[in-house]
>>> print(open('model.txt').read())   # compact mmCIF, C-alpha atoms
# COMPACT_ATOMS: atom_id res chain seq x y z
CA MET R 2 15.46 16.09 -36.90
CA LYS R 3 15.37 12.50 -35.72
CA GLY R 4 19.12 12.59 -35.02
CA LEU R 5 18.71 15.77 -32.99
CA LEU R 6 15.92 14.24 -30.88
CA THR R 7 17.99 11.10 -30.33
CA ALA R 8 20.97 13.18 -29.20
CA LEU R 9 18.80 15.21 -26.83
CA GLN R 10 17.36 12.02 -25.37
CA ARG R 11 20.81 10.56 -24.81
CA GLY R 12 22.00 13.78 -23.20
CA PHE R 13 18.95 13.89 -20.96
CA ASN R 14 19.42 10.28 -19.83
CA LYS R 15 23.13 10.80 -19.23
CA TRP R 16 23.21 14.14 -17.46
CA ILE R 17 19.76 14.47 -15.89
CA GLY R 18 17.62 11.33 -15.96
CA TRP R 19 14.05 10.86 -14.80
CA LYS R 20 15.13 9.92 -11.29
CA ARG R 21 17.03 13.15 -10.72
CA LEU R 22 14.22 15.13 -12.29
CA GLY R 23 11.72 13.51 -9.92
CA VAL R 24 13.90 14.26 -6.89
CA ALA R 25 14.28 17.88 -8.00
CA ALA R 26 10.52 18.25 -8.51
CA SER R 27 9.86 16.80 -5.04
CA LEU R 28 12.32 19.23 -3.43
CA VAL R 29 10.75 22.19 -5.26
CA ILE R 30 7.24 21.18 -4.13
CA ILE R 31 8.40 20.76 -0.52
CA ALA R 32 10.26 24.08 -0.53
CA LEU R 33 7.28 25.99 -1.93
CA ALA R 34 4.92 24.27 0.50
CA VAL R 35 7.08 25.06 3.52
CA ARG R 36 7.44 28.68 2.42
CA THR R 37 3.67 28.99 1.94
CA LEU R 38 2.94 27.25 5.24
CA VAL R 39 5.31 29.50 7.21
CA HIS R 40 3.78 32.59 5.61
CA THR R 41 0.23 31.36 6.30
CA LEU R 42 0.87 30.46 9.94
CA LYS R 43 2.19 33.89 10.89
CA GLY R 44 0.08 35.38 13.62
CA VAL R 45 -1.86 32.18 14.35
CA ASP R 46 -3.20 32.07 17.91
CA LYS R 47 -2.57 28.68 19.57
CA GLY R 48 -5.28 29.37 22.11
CA VAL R 49 -7.84 29.76 19.34
CA ILE R 50 -6.73 26.42 17.88
CA LEU R 51 -7.27 24.71 21.23
CA THR R 52 -10.67 26.36 21.53
CA ALA R 53 -11.58 25.15 18.03
CA LEU R 54 -10.56 21.63 19.01
CA THR R 55 -12.83 21.64 22.04
CA GLU R 56 -15.72 23.01 19.99
CA MET R 57 -15.63 20.19 17.44
CA GLN R 58 -18.61 17.89 17.79
CA PRO R 59 -17.71 14.41 19.10
CA GLY R 60 -20.34 12.87 16.86
CA HIS R 61 -18.71 14.30 13.74
CA ILE R 62 -15.29 13.08 14.89
CA ALA R 63 -16.70 9.59 15.46
CA LEU R 64 -18.32 9.56 12.00
CA ALA R 65 -15.08 10.79 10.45
CA ALA R 66 -13.19 8.00 12.22
CA LEU R 67 -15.72 5.50 10.83
CA CYS R 68 -15.15 6.88 7.32
CA VAL R 69 -11.39 6.47 7.77
CA VAL R 70 -11.92 2.84 8.80
CA CYS R 71 -14.07 2.26 5.72
CA ALA R 72 -11.42 3.94 3.55
CA PHE R 73 -8.71 1.59 4.82
CA CYS R 74 -11.03 -1.40 4.37
CA THR R 75 -11.47 -0.32 0.74
CA LEU R 76 -7.72 0.17 0.49
CA THR R 77 -7.15 -3.53 1.18
CA PHE R 78 -8.70 -4.35 -2.20
CA TYR R 79 -5.87 -2.51 -3.99
CA ASP R 80 -3.48 -5.42 -3.43
CA PHE R 81 -6.18 -8.09 -3.64
CA PHE R 82 -7.23 -6.84 -7.08
CA ALA R 83 -3.58 -6.64 -8.19
CA LEU R 84 -2.88 -10.20 -7.03
CA ARG R 85 -5.81 -11.57 -9.00
CA THR R 86 -4.76 -9.52 -12.03
CA ILE R 87 -1.26 -11.05 -12.17
CA GLY R 88 -2.62 -14.55 -11.49
CA LYS R 89 -1.40 -15.06 -7.90
CA ARG R 90 -4.66 -16.56 -6.66
CA HIS R 91 -3.05 -18.68 -3.93
CA VAL R 92 -2.45 -15.59 -1.76
CA PRO R 93 -5.51 -15.20 0.52
CA TYR R 94 -7.37 -11.96 1.10
CA ARG R 95 -6.12 -11.61 4.70
CA ILE R 96 -2.50 -11.47 3.49
CA ALA R 97 -3.40 -8.98 0.75
CA ALA R 98 -5.22 -6.84 3.32
CA LEU R 99 -2.24 -6.99 5.70
CA SER R 100 0.21 -6.03 2.97
CA SER R 101 -1.93 -3.23 1.56
CA PHE R 102 -2.68 -1.66 4.94
CA CYS R 103 0.87 -1.87 6.32
CA SER R 104 2.65 -0.83 3.12
CA TYR R 105 0.43 2.23 2.64
CA SER R 106 0.30 3.31 6.32
CA ILE R 107 4.02 2.91 6.96
CA GLY R 108 5.24 3.92 3.51
CA HIS R 109 3.15 7.08 3.31
CA ASN R 110 4.20 8.21 6.79
CA ILE R 111 7.90 7.49 6.30
CA GLY R 112 8.01 8.88 2.78
CA ALA R 113 9.29 7.55 -0.57
CA THR R 114 6.25 5.28 -0.75
CA VAL R 115 7.46 3.48 -3.88
CA PHE R 116 10.50 2.07 -2.05
CA THR R 117 9.26 1.69 1.52
CA GLY R 118 5.88 0.28 0.50
CA GLY R 119 7.55 -2.08 -1.98
CA ALA R 120 9.95 -3.37 0.69
CA ILE R 121 7.09 -4.11 3.10
CA ARG R 122 5.13 -5.89 0.36
CA PHE R 123 8.15 -8.01 -0.56
CA ARG R 124 8.70 -8.96 3.10
CA ILE R 125 5.13 -10.24 3.35
CA TYR R 126 4.60 -11.77 -0.08
CA SER R 127 7.99 -13.56 -0.18
CA ASP R 128 6.58 -16.05 2.32
CA TYR R 129 4.07 -17.05 -0.38
CA GLY R 130 6.61 -17.56 -3.15
CA LEU R 131 6.38 -14.15 -4.83
CA ASN R 132 9.58 -12.60 -6.14
CA ALA R 133 10.65 -8.99 -6.67
CA ILE R 134 9.13 -8.84 -10.16
CA ASP R 135 5.76 -9.99 -8.83
CA VAL R 136 5.88 -7.31 -6.12
CA ALA R 137 6.77 -4.68 -8.73
CA LYS R 138 3.71 -5.72 -10.75
CA ILE R 139 1.51 -5.46 -7.65
CA CYS R 140 2.85 -1.96 -6.93
CA PHE R 141 2.16 -0.96 -10.53
CA ILE R 142 -1.44 -2.25 -10.56
CA SER R 143 -2.15 -0.71 -7.13
CA GLY R 144 -0.74 2.63 -8.25
CA LEU R 145 -2.86 2.45 -11.39
CA THR R 146 -5.96 1.93 -9.22
CA PHE R 147 -5.04 4.99 -7.17
CA TRP R 148 -4.51 7.23 -10.19
CA LEU R 149 -7.60 6.07 -12.05
CA GLY R 150 -9.78 6.83 -9.06
CA ASN R 151 -8.15 10.22 -8.56
CA LEU R 152 -8.51 11.23 -12.21
CA VAL R 153 -12.17 10.21 -12.36
CA VAL R 154 -13.17 12.09 -9.20
CA LEU R 155 -10.96 15.09 -10.04
CA GLY R 156 -12.30 15.24 -13.60
CA ILE R 157 -15.92 15.18 -12.44
CA GLY R 158 -15.22 17.74 -9.73
CA LEU R 159 -13.40 20.19 -12.00
CA ALA R 160 -16.02 19.85 -14.73
CA TYR R 161 -18.84 20.41 -12.24
CA HIS R 162 -17.25 23.09 -10.01
CA PRO R 163 -14.06 24.43 -11.65
CA ALA R 164 -13.81 27.48 -9.39
CA ALA R 165 -13.06 25.26 -6.38
CA ALA R 166 -9.46 24.74 -7.55
CA SER R 167 -8.75 28.32 -8.65
CA ASP R 168 -7.41 29.41 -5.26
CA MET R 169 -4.88 26.55 -5.37
CA ASP R 170 -3.71 26.41 -8.99
CA LEU R 171 -4.39 30.14 -9.72
CA LEU R 172 -6.00 29.24 -13.04
CA PRO R 173 -9.27 30.61 -14.46
CA ALA R 174 -12.36 28.54 -13.80
CA GLU R 175 -12.91 27.77 -17.48
CA LEU R 176 -9.38 26.46 -17.84
CA ASN R 177 -9.93 24.23 -14.82
CA ARG R 178 -13.09 22.93 -16.45
CA LEU R 179 -11.09 22.08 -19.57
CA ILE R 180 -8.58 20.23 -17.39
CA GLY R 181 -11.41 18.26 -15.80
CA LEU R 182 -12.88 17.37 -19.17
CA GLY R 183 -9.39 16.40 -20.32
CA CYS R 184 -9.07 13.99 -17.38
CA LEU R 185 -12.39 12.36 -18.23
CA SER R 186 -11.47 12.19 -21.92
CA GLY R 187 -8.19 10.52 -21.02
CA ILE R 188 -10.06 7.88 -18.99
CA ALA R 189 -12.42 7.31 -21.94
CA VAL R 190 -9.48 6.89 -24.34
CA TYR R 191 -7.88 4.43 -21.93
CA PHE R 192 -11.05 2.31 -21.94
CA VAL R 193 -11.18 2.37 -25.74
CA TRP R 194 -7.54 1.28 -25.83
CA LEU R 195 -8.35 -1.63 -23.52
CA VAL R 196 -11.28 -2.76 -25.64
CA THR R 197 -9.26 -2.81 -28.89
CA GLY R 198 -7.52 -6.08 -28.03
CA ARG R 199 -5.72 -8.21 -25.47
CA GLU R 200 -2.34 -7.83 -27.18
CA ARG R 201 -2.33 -4.10 -26.53
CA ARG R 202 -2.92 -4.68 -22.83
CA GLN R 203 0.50 -6.28 -22.38
CA LEU R 204 3.13 -3.94 -20.97
CA GLY R 205 6.82 -4.61 -20.44
CA GLN R 206 9.21 -7.07 -22.02
CA HIS R 207 11.30 -10.14 -21.24
CA GLY R 208 10.68 -11.23 -17.62
CA TRP R 209 8.76 -8.07 -16.69
CA LYS R 210 5.41 -8.38 -18.40
CA VAL R 211 2.05 -7.43 -16.96
CA VAL R 212 -1.34 -7.84 -18.59
CA LEU R 213 -3.65 -4.97 -17.72
CA PRO R 214 -7.20 -5.77 -16.60
CA SER R 215 -9.95 -5.93 -19.18
CA ALA R 216 -12.37 -3.02 -19.61
CA LYS R 217 -14.95 -4.67 -17.33
CA LEU R 218 -12.40 -5.30 -14.58
CA THR R 219 -11.03 -1.78 -15.02
CA LEU R 220 -14.48 -0.50 -14.08
CA VAL R 221 -14.10 -2.42 -10.81
CA GLN R 222 -10.63 -0.97 -10.44
CA VAL R 223 -11.94 2.58 -10.90
CA LEU R 224 -14.75 1.89 -8.44
CA ILE R 225 -12.25 0.80 -5.77
CA GLY R 226 -10.29 4.03 -6.15
CA VAL R 227 -13.39 6.23 -6.22
CA VAL R 228 -14.89 4.63 -3.08
CA ASP R 229 -11.58 4.98 -1.24
CA LEU R 230 -11.31 8.67 -2.09
CA GLY R 231 -14.99 9.19 -1.35
CA PHE R 232 -14.61 7.93 2.22
CA CYS R 233 -11.49 10.08 2.78
CA ALA R 234 -13.17 13.22 1.41
CA THR R 235 -16.26 12.51 3.53
CA ALA R 236 -14.09 12.30 6.65
CA MET R 237 -12.60 15.70 5.88
CA TYR R 238 -16.03 17.12 5.07
CA LEU R 239 -17.35 16.04 8.48
CA LEU R 240 -14.45 17.73 10.27
CA VAL R 241 -14.46 21.16 8.57
CA PRO R 242 -16.39 23.93 10.33
CA ALA R 243 -20.09 24.16 9.51
CA GLN R 244 -19.77 27.87 8.76
CA PRO R 245 -19.16 29.12 6.18
CA HIS R 246 -20.87 26.42 4.16
CA ILE R 247 -18.98 24.48 1.49
CA ASP R 248 -20.47 21.82 -0.75
CA PHE R 249 -19.07 18.30 -0.81
CA MET R 250 -17.89 18.40 -4.43
CA SER R 251 -15.86 21.58 -3.94
CA LEU R 252 -14.18 20.14 -0.87
CA SER R 253 -13.49 16.89 -2.74
CA VAL R 254 -11.69 18.77 -5.52
CA VAL R 255 -9.53 20.65 -3.02
CA PHE R 256 -8.86 17.48 -1.02
CA ILE R 257 -7.77 15.46 -4.08
CA LEU R 258 -5.48 18.22 -5.37
CA ALA R 259 -3.86 18.55 -1.95
CA THR R 260 -3.47 14.75 -1.74
CA LEU R 261 -1.84 14.57 -5.17
CA LEU R 262 0.59 17.36 -4.28
CA GLY R 263 1.51 15.58 -1.08
CA PHE R 264 1.95 12.30 -2.95
CA ALA R 265 4.16 13.95 -5.57
CA SER R 266 6.37 15.55 -2.92
CA HIS R 267 7.23 12.18 -1.29
CA ALA R 268 7.36 14.05 2.01
CA PRO R 269 6.74 11.91 5.12
CA GLY R 270 2.98 11.91 5.62
CA SER R 271 2.74 14.73 3.06
CA LEU R 272 3.61 16.90 6.04
CA GLY R 273 3.53 20.59 5.19
CA VAL R 274 2.53 20.06 1.56
CA PHE R 275 -0.98 18.74 2.16
CA ASP R 276 -1.62 21.25 4.95
CA ALA R 277 -0.36 24.26 2.99
CA ALA R 278 -2.49 23.29 -0.02
CA MET R 279 -5.63 23.00 2.12
CA LEU R 280 -4.97 26.33 3.84
CA VAL R 281 -4.41 28.11 0.53
CA ALA R 282 -7.40 26.54 -1.23
CA LEU R 283 -9.89 27.21 1.61
CA PRO R 284 -9.37 30.88 2.55
CA GLN R 285 -13.01 31.28 3.58
CA PHE R 286 -12.33 29.37 6.82
CA GLY R 287 -10.47 30.81 9.77
CA ARG R 288 -6.88 29.58 9.91
CA GLU R 289 -7.17 28.39 13.50
CA GLN R 290 -10.39 26.43 12.82
CA LEU R 291 -8.95 24.84 9.68
CA LEU R 292 -5.71 23.94 11.46
CA ALA R 293 -7.76 22.21 14.15
CA THR R 294 -9.56 20.26 11.41
CA LEU R 295 -6.27 19.24 9.77
CA LEU R 296 -4.82 18.20 13.12
CA VAL R 297 -7.74 15.88 13.90
CA PHE R 298 -7.68 14.47 10.36
CA ARG R 299 -3.96 13.76 10.65
CA VAL R 300 -4.47 11.89 13.90
CA LEU R 301 -7.29 9.80 12.42
CA TYR R 302 -5.81 9.13 8.99
CA PHE R 303 -2.04 9.16 9.57
CA VAL R 304 -1.01 8.75 13.22
CA ILE R 305 -3.40 6.00 14.41
CA PRO R 306 -3.07 3.76 11.30
CA PHE R 307 0.72 4.23 11.39
CA ALA R 308 0.88 3.11 15.02
CA ILE R 309 -1.36 0.10 14.29
CA ALA R 310 0.68 -0.91 11.23
CA ILE R 311 3.98 -0.62 13.11
CA SER R 312 2.55 -2.76 15.93
CA ILE R 313 1.29 -5.40 13.50
CA MET R 314 4.59 -5.63 11.59
CA GLY R 315 6.62 -5.67 14.81
CA THR R 316 4.47 -8.45 16.29
CA ARG R 317 4.67 -10.41 13.03
CA GLU R 318 8.48 -10.16 12.88
CA LEU R 319 8.76 -11.14 16.55
CA TRP R 320 6.55 -14.17 15.96
CA LEU R 321 8.33 -15.34 12.80
CA ASN R 322 11.91 -14.69 13.93
CA VAL R 323 11.77 -15.44 17.68
CA VAL R 324 8.71 -17.43 18.73
CA VAL R 325 8.48 -19.86 15.80
CA PRO R 326 12.22 -20.81 15.87
CA TRP R 327 12.02 -21.25 19.67
CA GLN R 328 9.01 -23.56 19.35
CA SER R 329 10.80 -25.51 16.64
CA ARG R 330 13.89 -25.99 18.85
CA ARG R 331 11.68 -26.99 21.77
CA LYS R 332 9.94 -29.67 19.73
CA THR R 333 13.30 -30.96 18.46
CA ASN R 334 15.02 -31.13 21.89
CA GLY R 335 12.05 -31.91 24.13
CA ASP R 336 9.18 -34.35 24.49
CA GLY R 337 6.55 -31.62 24.55
CA ASN R 338 6.26 -31.66 28.38
CA GLY R 339 9.46 -29.80 29.11
CA ASN R 340 11.46 -33.02 29.73
CA CYS R 341 14.71 -33.30 27.84
CA VAL R 342 15.11 -36.44 25.74
CA PRO R 343 18.66 -37.79 25.14
CA MET R 344 19.85 -37.40 21.62
CA ILE R 345 20.96 -41.14 21.47
CA ALA R 346 18.31 -43.26 23.16
CA ALA R 347 18.69 -46.92 24.13
CA GLN R 348 17.35 -49.41 21.64
CA PRO R 349 14.07 -50.97 22.83
CA SER R 350 14.06 -54.67 23.60
CA ALA R 351 12.28 -57.16 21.43
CA LYS R 352 9.66 -57.66 24.13
CA GLN R 353 8.98 -53.93 24.25
CA MET R 354 8.67 -53.82 20.49
CA GLY R 355 6.17 -56.67 20.53
CA THR R 356 8.24 -58.87 18.22
CA PRO R 357 9.56 -62.34 18.98
CA ALA R 358 13.12 -62.62 20.26
CA ALA R 359 15.71 -63.81 17.83
CA VAL R 360 16.59 -67.54 18.21
CA PRO R 361 20.34 -68.22 18.30
CA ALA R 362 21.68 -70.35 15.50
CA PRO R 363 22.38 -73.98 16.52
CA ALA R 364 25.97 -75.05 16.94
CA LYS R 365 27.47 -77.35 14.36
CA VAL R 366 27.16 -81.03 15.30
CA THR R 367 30.28 -82.85 14.19
CA GLN R 368 30.15 -85.98 16.42
CA PRO R 369 27.46 -87.90 14.49
CA VAL R 370 29.44 -87.37 11.31
CA LYS R 371 32.54 -89.01 12.88
CA ARG R 372 30.44 -92.00 13.97
CA MET R 373 29.09 -92.47 10.50
CA LYS R 374 32.63 -92.44 9.12
CA SER R 375 33.79 -95.06 11.69
CA GLN R 376 30.86 -97.34 10.98
CA ALA R 377 31.66 -97.18 7.30
>>> encode(input="model.txt", output="structure tokens")
Amino acid sequence: MKGLLTALQRGFNKWIGWKRLGVAASLVIIALAVRTLVHTLKGVDKGVILTALTEMQPGHIALAALCVVCAFCTLTFYDFFALRTIGKRHVPYRIAALSSFCSYSIGHNIGATVFTGGAIRFRIYSDYGLNAIDVAKICFISGLTFWLGNLVVLGIGLAYHPAAASDMDLLPAELNRLIGLGCLSGIAVYFVWLVTGRERRQLGQHGWKVVLPSAKLTLVQVLIGVVDLGFCATAMYLLVPAQPHIDFMSLSVVFILATLLGFASHAPGSLGVFDAAMLVALPQFGREQLLATLLVFRVLYFVIPFAIAISIMGTRELWLNVVVPWQSRRKTNGDGNGNCVPMIAAQPSAKQMGTPAAVPAPAKVTQPVKRMKSQA
């Protein structure tokens, strides 16, 4: 039996592999989402969407924008927590905030967040002496924060209101409740595993080793993820139509499931996947009104942060690669006032240097010696 399992594992790694399986799963999710979205959008009236946009309350949009700002402020602690976990305490919070915001905003909008976000992190953290292994550890700890927060909120939501996810996953409410309880049980087992000893918290081998946070710090880690998701779900809750009424927990369950599907698809900005999941899971709302809600949310959560992150990274690269070298050349070739200084300057005189002039050596006196010889 063991030989059979070993052979199957070798065959899987040789002919399929986890990377190919992940790509195939992403393509399947995107294909199903696009098919569902096209079917759902048939017969949608664009005029009704524009009317729904004009009827949205400016106060609710402003509050939703504030929640998005708070969510991205919480997001900055993903990298800051990861840096402290791997012992890189010399990196200040402002750099962690810059890396976390830009890597998430740009990576999630471009797609393939693992690679694009990792490249942006490496570009920023390499200036502080971090190597590729350190950046990989930061990505791992940040991803763990994201998943812990999602599983906690999703587990509570499914256990409390399991019917909220039935329209999306097509499963009975009781089965959804069991899934929610399973998520919470998994989190509890993870905490017990952390408490059992420090040795068990070490993952990896050779040069790639990471020590997971302790149980107390993991509580902080979970809190970061929960607060981040809470602000995002609140922003969506403020934008959905007031009628028919939906409670916050039900919307949170739908929002998290749609977010996870979009994340698993690796589609740029979860485009199509997130929207199709929300439209399928919230059939009680009119399609035009819900599309208006999704459009405003996309502008607040995806488009504006993406534009800001691109501007920040572009300005940073311009400063580091153009302005700083130009200033360095100017200081090397100039006197600071725009006047060019010759490369080989004349040596200052002794008077200018404030030192006494050198006294020439006296000539040899040979005449007195001759006289002494003649007198002798």
>>> atom_distance(input="model.txt", atom1="CA of Thr75 (chain R)", atom2="CA of Leu145 (chain R)")
15.1 Å
>>> closest_residue(input="model.txt", among="R:Phe147, R:Phe232, R:Phe102, R:Phe82", to="Ile125 (chain R)", atoms="only C-alpha atoms")
R:Phe102
>>> atom_distance(input="model.txt", atom1="CA of Thr117 (chain R)", atom2="CA of Val254 (chain R)")
27.9 Å
>>> atom_distance(input="model.txt", atom1="CA of Glu289 (chain R)", atom2="CA of Pro269 (chain R)")
23.1 Å
>>> axis_aligned_box(input="model.txt", around="region 144-154 of chain R", padding_each_side="5 Å", output="AutoDock Vina command-line options")
--center_x -7.0 --center_y 7.0 --center_z -9.8 --size_x 22.4 --size_y 20.2 --size_z 15.2
>>> closest_residue(input="model.txt", among="R:Val297, R:Val154, R:Ile305, R:Ala165", to="Val255 (chain R)", atoms="all atoms listed in the file")
R:Ala165
>>> closest_residue(input="model.txt", among="R:Ile139, R:Leu54, R:Leu172, R:Ala189", to="Arg122 (chain R)", atoms="all atoms listed in the file")
R:Ile139
>>> decode(input="model.txt", residues="region 67-88 of chain R", atoms="N, CA, C and O atoms", output="tab-separated table (two decimals), in the first residue's frame")
chain	number	residue	atom	x	y	z
R	67	LEU	N	-14.75	55.98	3.98
R	67	LEU	CA	-14.02	56.02	5.25
R	67	LEU	C	-13.70	54.61	5.74
R	67	LEU	O	-12.59	54.35	6.25
R	68	CYS	N	-14.63	53.69	5.58
R	68	CYS	CA	-14.38	52.30	5.98
R	68	CYS	C	-13.28	51.67	5.12
R	68	CYS	O	-12.45	50.91	5.64
R	69	VAL	N	-13.24	52.01	3.84
R	69	VAL	CA	-12.18	51.50	2.98
R	69	VAL	C	-10.83	52.04	3.42
R	69	VAL	O	-9.82	51.31	3.46
R	70	VAL	N	-10.78	53.32	3.78
R	70	VAL	CA	-9.53	53.89	4.30
R	70	VAL	C	-9.08	53.18	5.56
R	70	VAL	O	-7.90	52.84	5.74
R	71	CYS	N	-10.01	52.93	6.47
R	71	CYS	CA	-9.69	52.22	7.71
R	71	CYS	C	-9.23	50.79	7.41
R	71	CYS	O	-8.33	50.26	8.09
R	72	ALA	N	-9.84	50.15	6.40
R	72	ALA	CA	-9.43	48.79	6.04
R	72	ALA	C	-7.99	48.77	5.54
R	72	ALA	O	-7.20	47.88	5.91
R	73	PHE	N	-7.61	49.74	4.70
R	73	PHE	CA	-6.24	49.78	4.21
R	73	PHE	C	-5.26	50.19	5.31
R	73	PHE	O	-4.10	49.75	5.28
R	74	CYS	N	-5.70	51.00	6.26
R	74	CYS	CA	-4.84	51.30	7.41
R	74	CYS	C	-4.58	50.03	8.23
R	74	CYS	O	-3.46	49.80	8.70
R	75	THR	N	-5.62	49.22	8.41
R	75	THR	CA	-5.44	47.94	9.11
R	75	THR	C	-4.56	47.00	8.30
R	75	THR	O	-3.76	46.24	8.85
R	76	LEU	N	-4.68	47.07	6.98
R	76	LEU	CA	-3.90	46.21	6.10
R	76	LEU	C	-2.40	46.45	6.25
R	76	LEU	O	-1.59	45.53	6.06
R	77	THR	N	-1.99	47.66	6.61
R	77	THR	CA	-0.57	47.96	6.77
R	77	THR	C	0.07	47.14	7.89
R	77	THR	O	1.29	46.93	7.88
R	78	PHE	N	-0.73	46.67	8.83
R	78	PHE	CA	-0.18	45.89	9.94
R	78	PHE	C	0.09	44.44	9.54
R	78	PHE	O	0.71	43.71	10.31
R	79	TYR	N	-0.36	44.02	8.36
R	79	TYR	CA	-0.02	42.68	7.89
R	79	TYR	C	1.50	42.53	7.79
R	79	TYR	O	2.09	41.59	8.34
R	80	ASP	N	2.13	43.45	7.05
R	80	ASP	CA	3.58	43.37	6.88
R	80	ASP	C	4.33	43.74	8.16
R	80	ASP	O	5.37	43.16	8.46
R	81	PHE	N	3.81	44.71	8.90
R	81	PHE	CA	4.48	45.13	10.13
R	81	PHE	C	4.53	43.97	11.13
R	81	PHE	O	5.56	43.72	11.77
R	82	PHE	N	3.43	43.25	11.26
R	82	PHE	CA	3.39	42.08	12.14
R	82	PHE	C	4.35	40.99	11.64
R	82	PHE	O	5.07	40.36	12.43
R	83	ALA	N	4.37	40.78	10.32
R	83	ALA	CA	5.26	39.76	9.75
R	83	ALA	C	6.73	40.11	9.97
R	83	ALA	O	7.55	39.24	10.26
R	84	LEU	N	7.08	41.38	9.81
R	84	LEU	CA	8.46	41.80	10.02
R	84	LEU	C	8.90	41.56	11.46
R	84	LEU	O	10.03	41.10	11.71
R	85	ARG	N	8.04	41.87	12.40
R	85	ARG	CA	8.40	41.65	13.81
R	85	ARG	C	8.46	40.15	14.12
R	85	ARG	O	9.25	39.71	14.94
R	86	THR	N	7.65	39.35	13.42
R	86	THR	CA	7.65	37.91	13.66
R	86	THR	C	8.96	37.27	13.22
R	86	THR	O	9.49	36.40	13.92
R	87	ILE	N	9.51	37.71	12.09
R	87	ILE	CA	10.76	37.12	11.59
R	87	ILE	C	11.99	37.84	12.14
R	87	ILE	O	13.12	37.51	11.74
R	88	GLY	N	11.80	38.81	13.02
R	88	GLY	CA	12.92	39.45	13.69
R	88	GLY	C	13.54	40.62	12.96
R	88	GLY	O	14.63	41.07	13.35
